[in-house]
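Note sheet for the following structure.
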Number of protein chains: 2
Amino acid sequence: MTFVKGISVIEKNSRFLLTCFSIFFVLKVKEKLIKHLTQTITLTNEEAVIVGNSFKERHLEKKEVLLFAGEISSHMQFIAEGCLRAYYMDEEAKEHIVQFGIEGWWVNDLYSYLTKTPAKQFVQALEKSTVLQINHDTLNILYKEVPAIERFFRLKFEKAYVAFQERTLDVMSKTAEERYLEFRTKYRDIEQRVPQYMVASYLGITPEFLSALRKKMR
Amino acid sequence: MTFVKGISVIEKNSRFLLTCFSIFFVLKVKEKLIKHLTQTITLTNEEAVIVGNSFKERHLEKKEVLLFAGEISSHMQFIAEGCLRAYYMDEEAKEHIVQFGIEGWWVNDLYSYLTKTPAKQFVQALEKSTVLQINHDTLNILYKEVPAIERFFRLKFEKAYVAFQERTLDVMSKTAEERYLEFRTKYRDIEQRVPQYMVASYLGITPEFLSALRKKMR
DNA sequence: CTTCTTTCTTAATCCACCTTAAGATTATTA
DNA sequence: TAATAATCTTAAGGTGGATTAAGAAAGAAG
């Protein structure tokens, strides 16, 4: 084979092309983040560059785990591409999905991140995915360099809080059917991309019962 | 009667005593707050005075409502004495208790406070109570004057977030009996002070079923 | 002390949702 | 292409918890 002695011309060319493609891809990924941020806050061009440089790109294979329960979550992470879930495992080793996320969302065990205590949740890719991560300390520095970023995250945390509050009340006061209907209208794009048994887990019911619900509603 | 023409000597004396008592009482109430704060943060004497002056005392009769759903929650409030509940009312006018609070706790519709949107919850006194309130804007000023206070509230908000996360997971993955047992060990002091049907509401079950559970466990 | 209100209990009936188990589809991978 | 794994469906029987209705206790108020 040619590459026993070195790298063939074809090989060289394809590596070159791959590199070009990668650079192009990296730019596009960070642009997604900036676009996302500027939907809420205003950034100058210089600030956008600083922000972009503070994030690191991470690629995940399907089923790859980004955060394990027990670890301390040390990054905030923006989903540039793909689909992830945050779930927790009870004493009987049953999984309970807490949150899904797709492009443009943030996933994390926020409590672990905020308090620097071991995570109770796993965060796992459900598809081949790309996330942009910023380290806890780096973010604290960035808060000072780009104050608008602090505003952005304060709003993010507040929204995270209310989202949980709403979920708690829903689980306590609504039937599984009501919750499923709400899920379908609110997260139609997510429903298409994740297996049904995970939707069931998110809703707090068994896959069999969700199947029965769907049949009834048809 | 003597007080048709003015105030009798006895009347005058009792007013005087009442005033003395009130001042004494006010001091004690604010001291409770300072003691509470200094369990988490450090305050100089001067800072403690500034903080104390930023809070206003409010007395509530049993059943009096401190915050109505629909209003915008504009204060953080510390319970110095008594017992309150935060609850929300569903479409069928059923009440769902979100949180209890006694001396040393904070109660609020935090989302309304943080986002300045109309509250979804009511906050009501379950006993004659005393709360210490600080206005949103006053607190923002205080953050600058006494930085340790900002730290205190950041930690408070983080704890509020995790408390909700834990409750959501509990409601989703545990039986009513498990949740009741947990409630008893975690909030034994609260269980003694609130009616059983409110404990049921907090747990997301009917009072009848809670009664049955208690009978079974006896 | 009596009356009214609030709170708690009991019991019968009913429904939402779970469990188990098996088969049917649909993806993955060899 | 076959084989294995992952996912979805169906059906029978079981259970947790709701609903309704009635009465018992315990407070609060006149």
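In the structure tokens, chains take the letters A, B, ... in the order shown, each chain's residues start at 1, and ligands count up from 1 in the order shown.
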Write out as a VMD selection string the residues lying within 8 Å of range 4-19 of chain C, counting only C-alpha atoms (C1' of nucleotides) and excluding same-chain residues fewer than 5 positions away. (chain A and resid 205 to 206 209) or (chain B and resid 195 to 197 208 211) or (chain D and resid 14 to 15 19 24 to 28)
May I have chain A as a JSON list (two decimals) with C-alpha atoms, in the first residue's frame, after a least-squares superposition on chain B that uses all C-alpha atoms paired in order?
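Result file superposed-v7.json:
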[["chain", "number", "residue", "atom", "x", "y", "z"],
["A", 1, "MET", "CA", -66.09, 56.62, 79.46],
["A", 2, "THR", "CA", -62.76, 58.29, 80.18],
["A", 3, "PHE", "CA", -61.46, 58.44, 76.63],
["A", 4, "VAL", "CA", -64.41, 60.46, 75.37],
["A", 5, "LYS", "CA", -62.61, 63.53, 76.68],
["A", 6, "GLY", "CA", -59.04, 62.33, 76.10],
["A", 7, "ILE", "CA", -56.81, 59.51, 77.09],
["A", 8, "SER", "CA", -56.93, 58.16, 80.61],
["A", 9, "VAL", "CA", -53.80, 57.66, 82.66],
["A", 10, "ILE", "CA", -54.11, 53.93, 82.38],
["A", 11, "GLU", "CA", -54.58, 54.25, 78.68],
["A", 12, "LYS", "CA", -51.50, 56.48, 78.44],
["A", 13, "ASN", "CA", -49.41, 54.05, 80.42],
["A", 14, "SER", "CA", -50.40, 51.08, 78.35],
["A", 15, "ARG", "CA", -49.63, 52.99, 75.14],
["A", 16, "PHE", "CA", -46.24, 53.83, 76.52],
["A", 17, "LEU", "CA", -45.57, 50.24, 77.43],
["A", 18, "LEU", "CA", -46.78, 49.10, 74.04],
["A", 19, "THR", "CA", -44.35, 51.50, 72.34],
["A", 20, "CYS", "CA", -41.43, 50.26, 74.41],
["A", 21, "PHE", "CA", -42.40, 46.72, 73.63],
["A", 22, "SER", "CA", -42.67, 47.49, 69.91],
["A", 23, "ILE", "CA", -39.19, 49.00, 69.72],
["A", 24, "PHE", "CA", -37.78, 46.03, 71.54],
["A", 25, "PHE", "CA", -39.67, 43.72, 69.21],
["A", 26, "VAL", "CA", -38.48, 45.51, 66.06],
["A", 27, "LEU", "CA", -34.88, 45.15, 67.09],
["A", 28, "LYS", "CA", -35.29, 41.51, 67.82],
["A", 29, "VAL", "CA", -36.92, 40.89, 64.43],
["A", 30, "LYS", "CA", -34.09, 42.51, 62.46],
["A", 31, "GLU", "CA", -31.51, 40.75, 64.60],
["A", 32, "LYS", "CA", -33.00, 37.48, 63.43],
["A", 33, "LEU", "CA", -32.34, 38.49, 59.85],
["A", 34, "ILE", "CA", -28.75, 39.50, 60.55],
["A", 35, "LYS", "CA", -28.13, 36.26, 62.42],
["A", 36, "HIS", "CA", -29.56, 34.38, 59.47],
["A", 37, "LEU", "CA", -27.38, 36.22, 56.94],
["A", 38, "THR", "CA", -24.19, 35.81, 58.93],
["A", 39, "GLN", "CA", -24.61, 32.06, 58.92],
["A", 40, "THR", "CA", -23.64, 32.25, 55.24],
["A", 41, "ILE", "CA", -21.71, 35.50, 54.81],
["A", 42, "THR", "CA", -19.62, 37.89, 56.89],
["A", 43, "LEU", "CA", -20.89, 41.40, 57.66],
["A", 44, "THR", "CA", -19.18, 44.26, 59.50],
["A", 45, "ASN", "CA", -21.25, 46.08, 62.11],
["A", 46, "GLU", "CA", -21.73, 49.03, 59.75],
["A", 47, "GLU", "CA", -22.86, 46.74, 56.95],
["A", 48, "ALA", "CA", -25.30, 45.01, 59.29],
["A", 49, "VAL", "CA", -26.87, 48.38, 60.07],
["A", 50, "ILE", "CA", -27.19, 49.27, 56.37],
["A", 51, "VAL", "CA", -28.75, 45.90, 55.66],
["A", 52, "GLY", "CA", -31.14, 46.15, 58.59],
["A", 53, "ASN", "CA", -32.32, 49.59, 57.46],
["A", 54, "SER", "CA", -33.00, 48.33, 53.94],
["A", 55, "PHE", "CA", -35.67, 45.91, 55.14],
["A", 56, "LYS", "CA", -39.19, 46.86, 56.17],
["A", 57, "GLU", "CA", -41.20, 44.92, 58.67],
["A", 58, "ARG", "CA", -44.63, 43.67, 57.79],
["A", 59, "HIS", "CA", -47.11, 41.96, 60.11],
["A", 60, "LEU", "CA", -49.65, 39.52, 58.78],
["A", 61, "GLU", "CA", -52.79, 38.09, 60.30],
["A", 62, "LYS", "CA", -53.62, 34.44, 59.87],
["A", 63, "LYS", "CA", -54.93, 33.87, 56.30],
["A", 64, "GLU", "CA", -53.76, 37.29, 55.16],
["A", 65, "VAL", "CA", -52.43, 37.24, 51.62],
["A", 66, "LEU", "CA", -49.00, 38.80, 51.11],
["A", 67, "LEU", "CA", -48.89, 38.35, 47.34],
["A", 68, "PHE", "CA", -51.78, 37.77, 44.95],
["A", 69, "ALA", "CA", -51.49, 35.92, 41.66],
["A", 70, "GLY", "CA", -51.56, 38.55, 38.90],
["A", 71, "GLU", "CA", -49.56, 41.08, 40.89],
["A", 72, "ILE", "CA", -45.89, 41.58, 40.20],
["A", 73, "SER", "CA", -43.78, 40.44, 43.12],
["A", 74, "SER", "CA", -41.55, 43.37, 43.97],
["A", 75, "HIS", "CA", -39.99, 42.23, 47.25],
["A", 76, "MET", "CA", -37.81, 39.50, 48.62],
["A", 77, "GLN", "CA", -39.22, 38.45, 51.94],
["A", 78, "PHE", "CA", -37.68, 36.79, 54.96],
["A", 79, "ILE", "CA", -39.91, 35.09, 57.50],
["A", 80, "ALA", "CA", -38.96, 36.34, 60.97],
["A", 81, "GLU", "CA", -41.91, 34.74, 62.72],
["A", 82, "GLY", "CA", -44.82, 32.54, 61.69],
["A", 83, "CYS", "CA", -45.65, 30.26, 58.81],
["A", 84, "LEU", "CA", -46.63, 30.93, 55.18],
["A", 85, "ARG", "CA", -47.42, 29.01, 52.03],
["A", 86, "ALA", "CA", -46.98, 29.67, 48.31],
["A", 87, "TYR", "CA", -49.64, 28.04, 46.16],
["A", 88, "TYR", "CA", -51.02, 28.20, 42.70],
["A", 89, "MET", "CA", -54.58, 27.72, 41.49],
["A", 90, "ASP", "CA", -55.31, 25.57, 38.44],
["A", 91, "GLU", "CA", -58.06, 26.04, 35.83],
["A", 92, "GLU", "CA", -60.50, 24.13, 38.03],
["A", 93, "ALA", "CA", -59.75, 26.46, 40.95],
["A", 94, "LYS", "CA", -57.92, 23.71, 42.82],
["A", 95, "GLU", "CA", -55.02, 24.86, 44.96],
["A", 96, "HIS", "CA", -51.58, 23.29, 44.66],
["A", 97, "ILE", "CA", -49.06, 24.13, 47.34],
["A", 98, "VAL", "CA", -45.63, 24.81, 45.93],
["A", 99, "GLN", "CA", -43.76, 25.74, 49.08],
["A", 100, "PHE", "CA", -44.13, 26.16, 52.83],
["A", 101, "GLY", "CA", -41.99, 28.48, 54.89],
["A", 102, "ILE", "CA", -41.36, 29.13, 58.57],
["A", 103, "GLU", "CA", -38.99, 31.36, 60.57],
["A", 104, "GLY", "CA", -35.66, 31.65, 58.81],
["A", 105, "TRP", "CA", -37.00, 30.83, 55.34],
["A", 106, "TRP", "CA", -37.67, 33.03, 52.35],
["A", 107, "VAL", "CA", -41.01, 32.90, 50.49],
["A", 108, "ASN", "CA", -41.92, 34.43, 47.18],
["A", 109, "ASP", "CA", -42.99, 33.84, 43.63],
["A", 110, "LEU", "CA", -39.37, 34.02, 42.61],
["A", 111, "TYR", "CA", -40.10, 33.96, 38.91],
["A", 112, "SER", "CA", -42.39, 36.96, 39.14],
["A", 113, "TYR", "CA", -39.80, 38.77, 41.21],
["A", 114, "LEU", "CA", -36.94, 37.99, 38.85],
["A", 115, "THR", "CA", -38.72, 38.71, 35.60],
["A", 116, "LYS", "CA", -41.16, 41.40, 36.76],
["A", 117, "THR", "CA", -44.05, 39.50, 35.22],
["A", 118, "PRO", "CA", -47.39, 38.80, 36.94],
["A", 119, "ALA", "CA", -47.17, 36.17, 39.68],
["A", 120, "LYS", "CA", -48.74, 32.77, 39.13],
["A", 121, "GLN", "CA", -48.69, 32.02, 42.83],
["A", 122, "PHE", "CA", -50.33, 33.37, 45.94],
["A", 123, "VAL", "CA", -48.33, 33.80, 49.12],
["A", 124, "GLN", "CA", -50.44, 33.57, 52.26],
["A", 125, "ALA", "CA", -49.86, 33.52, 56.01],
["A", 126, "LEU", "CA", -51.03, 30.33, 57.72],
["A", 127, "GLU", "CA", -50.40, 31.83, 61.16],
["A", 128, "LYS", "CA", -49.99, 35.35, 62.52],
["A", 129, "SER", "CA", -46.60, 36.15, 60.99],
["A", 130, "THR", "CA", -43.89, 38.77, 60.65],
["A", 131, "VAL", "CA", -41.89, 39.12, 57.47],
["A", 132, "LEU", "CA", -39.02, 41.42, 56.57],
["A", 133, "GLN", "CA", -39.31, 42.77, 53.04],
["A", 134, "ILE", "CA", -36.78, 44.37, 50.77],
["A", 135, "ASN", "CA", -37.83, 46.09, 47.59],
["A", 136, "HIS", "CA", -36.36, 44.99, 44.27],
["A", 137, "ASP", "CA", -34.70, 48.35, 43.58],
["A", 138, "THR", "CA", -33.50, 48.74, 47.14],
["A", 139, "LEU", "CA", -31.88, 45.34, 46.93],
["A", 140, "ASN", "CA", -30.10, 46.28, 43.73],
["A", 141, "ILE", "CA", -28.66, 49.31, 45.48],
["A", 142, "LEU", "CA", -27.74, 47.19, 48.48],
["A", 143, "TYR", "CA", -25.85, 44.78, 46.19],
["A", 144, "LYS", "CA", -23.46, 47.64, 45.42],
["A", 145, "GLU", "CA", -23.18, 48.91, 48.98],
["A", 146, "VAL", "CA", -22.70, 45.50, 50.56],
["A", 147, "PRO", "CA", -21.24, 43.03, 48.06],
["A", 148, "ALA", "CA", -21.60, 40.10, 50.45],
["A", 149, "ILE", "CA", -25.36, 40.47, 50.05],
["A", 150, "GLU", "CA", -25.08, 39.81, 46.36],
["A", 151, "ARG", "CA", -23.24, 36.64, 47.15],
["A", 152, "PHE", "CA", -25.90, 35.64, 49.64],
["A", 153, "PHE", "CA", -28.71, 36.01, 47.12],
["A", 154, "ARG", "CA", -26.86, 34.37, 44.29],
["A", 155, "LEU", "CA", -26.52, 31.33, 46.53],
["A", 156, "LYS", "CA", -30.19, 31.60, 47.54],
["A", 157, "PHE", "CA", -31.33, 31.56, 43.91],
["A", 158, "GLU", "CA", -29.13, 28.62, 43.13],
["A", 159, "LYS", "CA", -30.58, 26.71, 46.05],
["A", 160, "ALA", "CA", -34.09, 27.59, 44.96],
["A", 161, "TYR", "CA", -33.32, 26.18, 41.55],
["A", 162, "VAL", "CA", -31.99, 22.90, 42.86],
["A", 163, "ALA", "CA", -34.84, 22.52, 45.30],
["A", 164, "PHE", "CA", -37.27, 22.66, 42.40],
["A", 165, "GLN", "CA", -35.24, 20.26, 40.38],
["A", 166, "GLU", "CA", -35.25, 17.77, 43.22],
["A", 167, "ARG", "CA", -38.99, 18.17, 43.71],
["A", 168, "THR", "CA", -39.68, 17.63, 40.04],
["A", 169, "LEU", "CA", -37.69, 14.41, 40.02],
["A", 170, "ASP", "CA", -39.33, 13.23, 43.25],
["A", 171, "VAL", "CA", -42.84, 13.83, 41.94],
["A", 172, "MET", "CA", -41.98, 12.03, 38.72],
["A", 173, "SER", "CA", -40.19, 9.01, 40.10],
["A", 174, "LYS", "CA", -41.43, 8.37, 43.65],
["A", 175, "THR", "CA", -44.69, 7.09, 45.12],
["A", 176, "ALA", "CA", -46.83, 9.24, 47.40],
["A", 177, "GLU", "CA", -45.72, 7.16, 50.38],
["A", 178, "GLU", "CA", -42.05, 7.73, 49.64],
["A", 179, "ARG", "CA", -42.62, 11.43, 49.19],
["A", 180, "TYR", "CA", -44.52, 11.63, 52.47],
["A", 181, "LEU", "CA", -41.77, 9.83, 54.37],
["A", 182, "GLU", "CA", -39.22, 12.19, 52.90],
["A", 183, "PHE", "CA", -41.38, 15.18, 53.80],
["A", 184, "ARG", "CA", -41.68, 13.98, 57.40],
["A", 185, "THR", "CA", -37.95, 13.64, 57.91],
["A", 186, "LYS", "CA", -37.05, 16.79, 56.00],
["A", 187, "TYR", "CA", -39.80, 19.06, 57.31],
["A", 188, "ARG", "CA", -40.91, 17.56, 60.59],
["A", 189, "ASP", "CA", -41.23, 21.03, 62.13],
["A", 190, "ILE", "CA", -43.52, 22.15, 59.33],
["A", 191, "GLU", "CA", -45.71, 19.06, 59.43],
["A", 192, "GLN", "CA", -46.67, 19.86, 63.01],
["A", 193, "ARG", "CA", -47.83, 23.36, 62.12],
["A", 194, "VAL", "CA", -49.91, 23.06, 58.97],
["A", 195, "PRO", "CA", -53.20, 21.22, 58.43],
["A", 196, "GLN", "CA", -52.95, 17.77, 56.95],
["A", 197, "TYR", "CA", -54.88, 18.64, 53.83],
["A", 198, "MET", "CA", -52.21, 21.18, 52.98],
["A", 199, "VAL", "CA", -49.51, 18.58, 53.39],
["A", 200, "ALA", "CA", -51.54, 16.45, 50.96],
["A", 201, "SER", "CA", -51.69, 19.35, 48.52],
["A", 202, "TYR", "CA", -47.93, 19.83, 48.80],
["A", 203, "LEU", "CA", -47.40, 16.12, 48.11],
["A", 204, "GLY", "CA", -49.80, 16.21, 45.18],
["A", 205, "ILE", "CA", -52.35, 13.77, 46.64],
["A", 206, "THR", "CA", -55.84, 14.04, 48.15],
["A", 207, "PRO", "CA", -56.32, 14.47, 51.90],
["A", 208, "GLU", "CA", -58.26, 11.21, 51.99],
["A", 209, "PHE", "CA", -55.38, 9.29, 50.50],
["A", 210, "LEU", "CA", -52.90, 10.88, 52.91],
["A", 211, "SER", "CA", -55.18, 9.89, 55.74],
["A", 212, "ALA", "CA", -55.20, 6.30, 54.45],
["A", 213, "LEU", "CA", -51.40, 6.33, 54.12],
["A", 214, "ARG", "CA", -51.00, 7.50, 57.71],
["A", 215, "LYS", "CA", -53.34, 4.80, 58.95],
["A", 216, "LYS", "CA", -51.41, 2.13, 57.06],
["A", 217, "MET", "CA", -48.06, 3.35, 58.44],
["A", 218, "ARG", "CA", -49.18, 3.51, 62.04]]
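The coordinates place C1' of DG23 in chain C at 29.1 Å from C1' of DG16 in chain D.
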Could you please write out, as a list of chain:residue names, every residue of range 34-77 of chain B that DSSP assigns to strand (DSSP E)?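 Those in range 34-77 of chain B that DSSP calls strand (DSSP E) are B:Lys56, B:Glu57, B:Arg58, B:His59, B:Leu60, B:Val65, B:Leu66, B:Leu67, B:His75, B:Met76, B:Gln77.
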Could you please take those selected residues and save N, CA, C and O atoms as a compact mmCIF listing (two decimals), in the first residue's frame?
# COMPACT_ATOMS: atom_id res chain seq x y z
N LYS B 56 -38.08 46.36 55.41
CA LYS B 56 -39.26 46.87 56.13
C LYS B 56 -40.01 45.69 56.75
O LYS B 56 -40.12 44.63 56.16
N GLU B 57 -40.54 45.96 57.92
CA GLU B 57 -41.24 44.92 58.63
C GLU B 57 -42.71 44.90 58.20
O GLU B 57 -43.31 45.96 58.01
N ARG B 58 -43.24 43.72 58.08
CA ARG B 58 -44.67 43.66 57.76
C ARG B 58 -45.33 42.56 58.58
O ARG B 58 -44.83 41.43 58.61
N HIS B 59 -46.44 42.92 59.22
CA HIS B 59 -47.14 41.96 60.07
C HIS B 59 -48.37 41.43 59.35
O HIS B 59 -49.09 42.19 58.72
N LEU B 60 -48.58 40.15 59.45
CA LEU B 60 -49.69 39.52 58.73
C LEU B 60 -50.59 38.74 59.68
O LEU B 60 -50.09 38.02 60.56
N VAL B 65 -53.19 37.52 52.76
CA VAL B 65 -52.42 37.23 51.55
C VAL B 65 -51.36 38.30 51.34
O VAL B 65 -51.67 39.49 51.33
N LEU B 66 -50.13 37.87 51.19
CA LEU B 66 -49.00 38.79 51.04
C LEU B 66 -48.78 39.11 49.57
O LEU B 66 -48.39 40.20 49.20
N LEU B 67 -49.03 38.12 48.72
CA LEU B 67 -48.87 38.32 47.28
C LEU B 67 -50.01 37.61 46.55
O LEU B 67 -50.28 36.44 46.82
N HIS B 75 -40.81 42.29 46.00
CA HIS B 75 -39.99 42.21 47.21
C HIS B 75 -39.45 40.80 47.42
O HIS B 75 -40.12 39.82 47.10
N MET B 76 -38.28 40.73 48.01
CA MET B 76 -37.82 39.48 48.59
C MET B 76 -38.27 39.51 50.04
O MET B 76 -38.20 40.56 50.69
N GLN B 77 -38.72 38.39 50.55
CA GLN B 77 -39.23 38.44 51.92
C GLN B 77 -38.77 37.27 52.78
O GLN B 77 -38.88 36.11 52.44
Write down as a VMD selection string the residues belonging to range 1-215 of chain B that are assigned helix (DSSP H, G or I) by DSSP computed on the backbone. chain B and resid 2 to 4 9 to 37 45 to 54 110 to 115 136 to 145 147 to 173 176 to 186 188 to 191 196 to 203 207 to 215
Distance cut-off 12 Å, counting only C-alpha atoms (C1' of nucleotides) - which residues of chain D neighbour chain A? Return them as number ranges by chain. D: 6-11
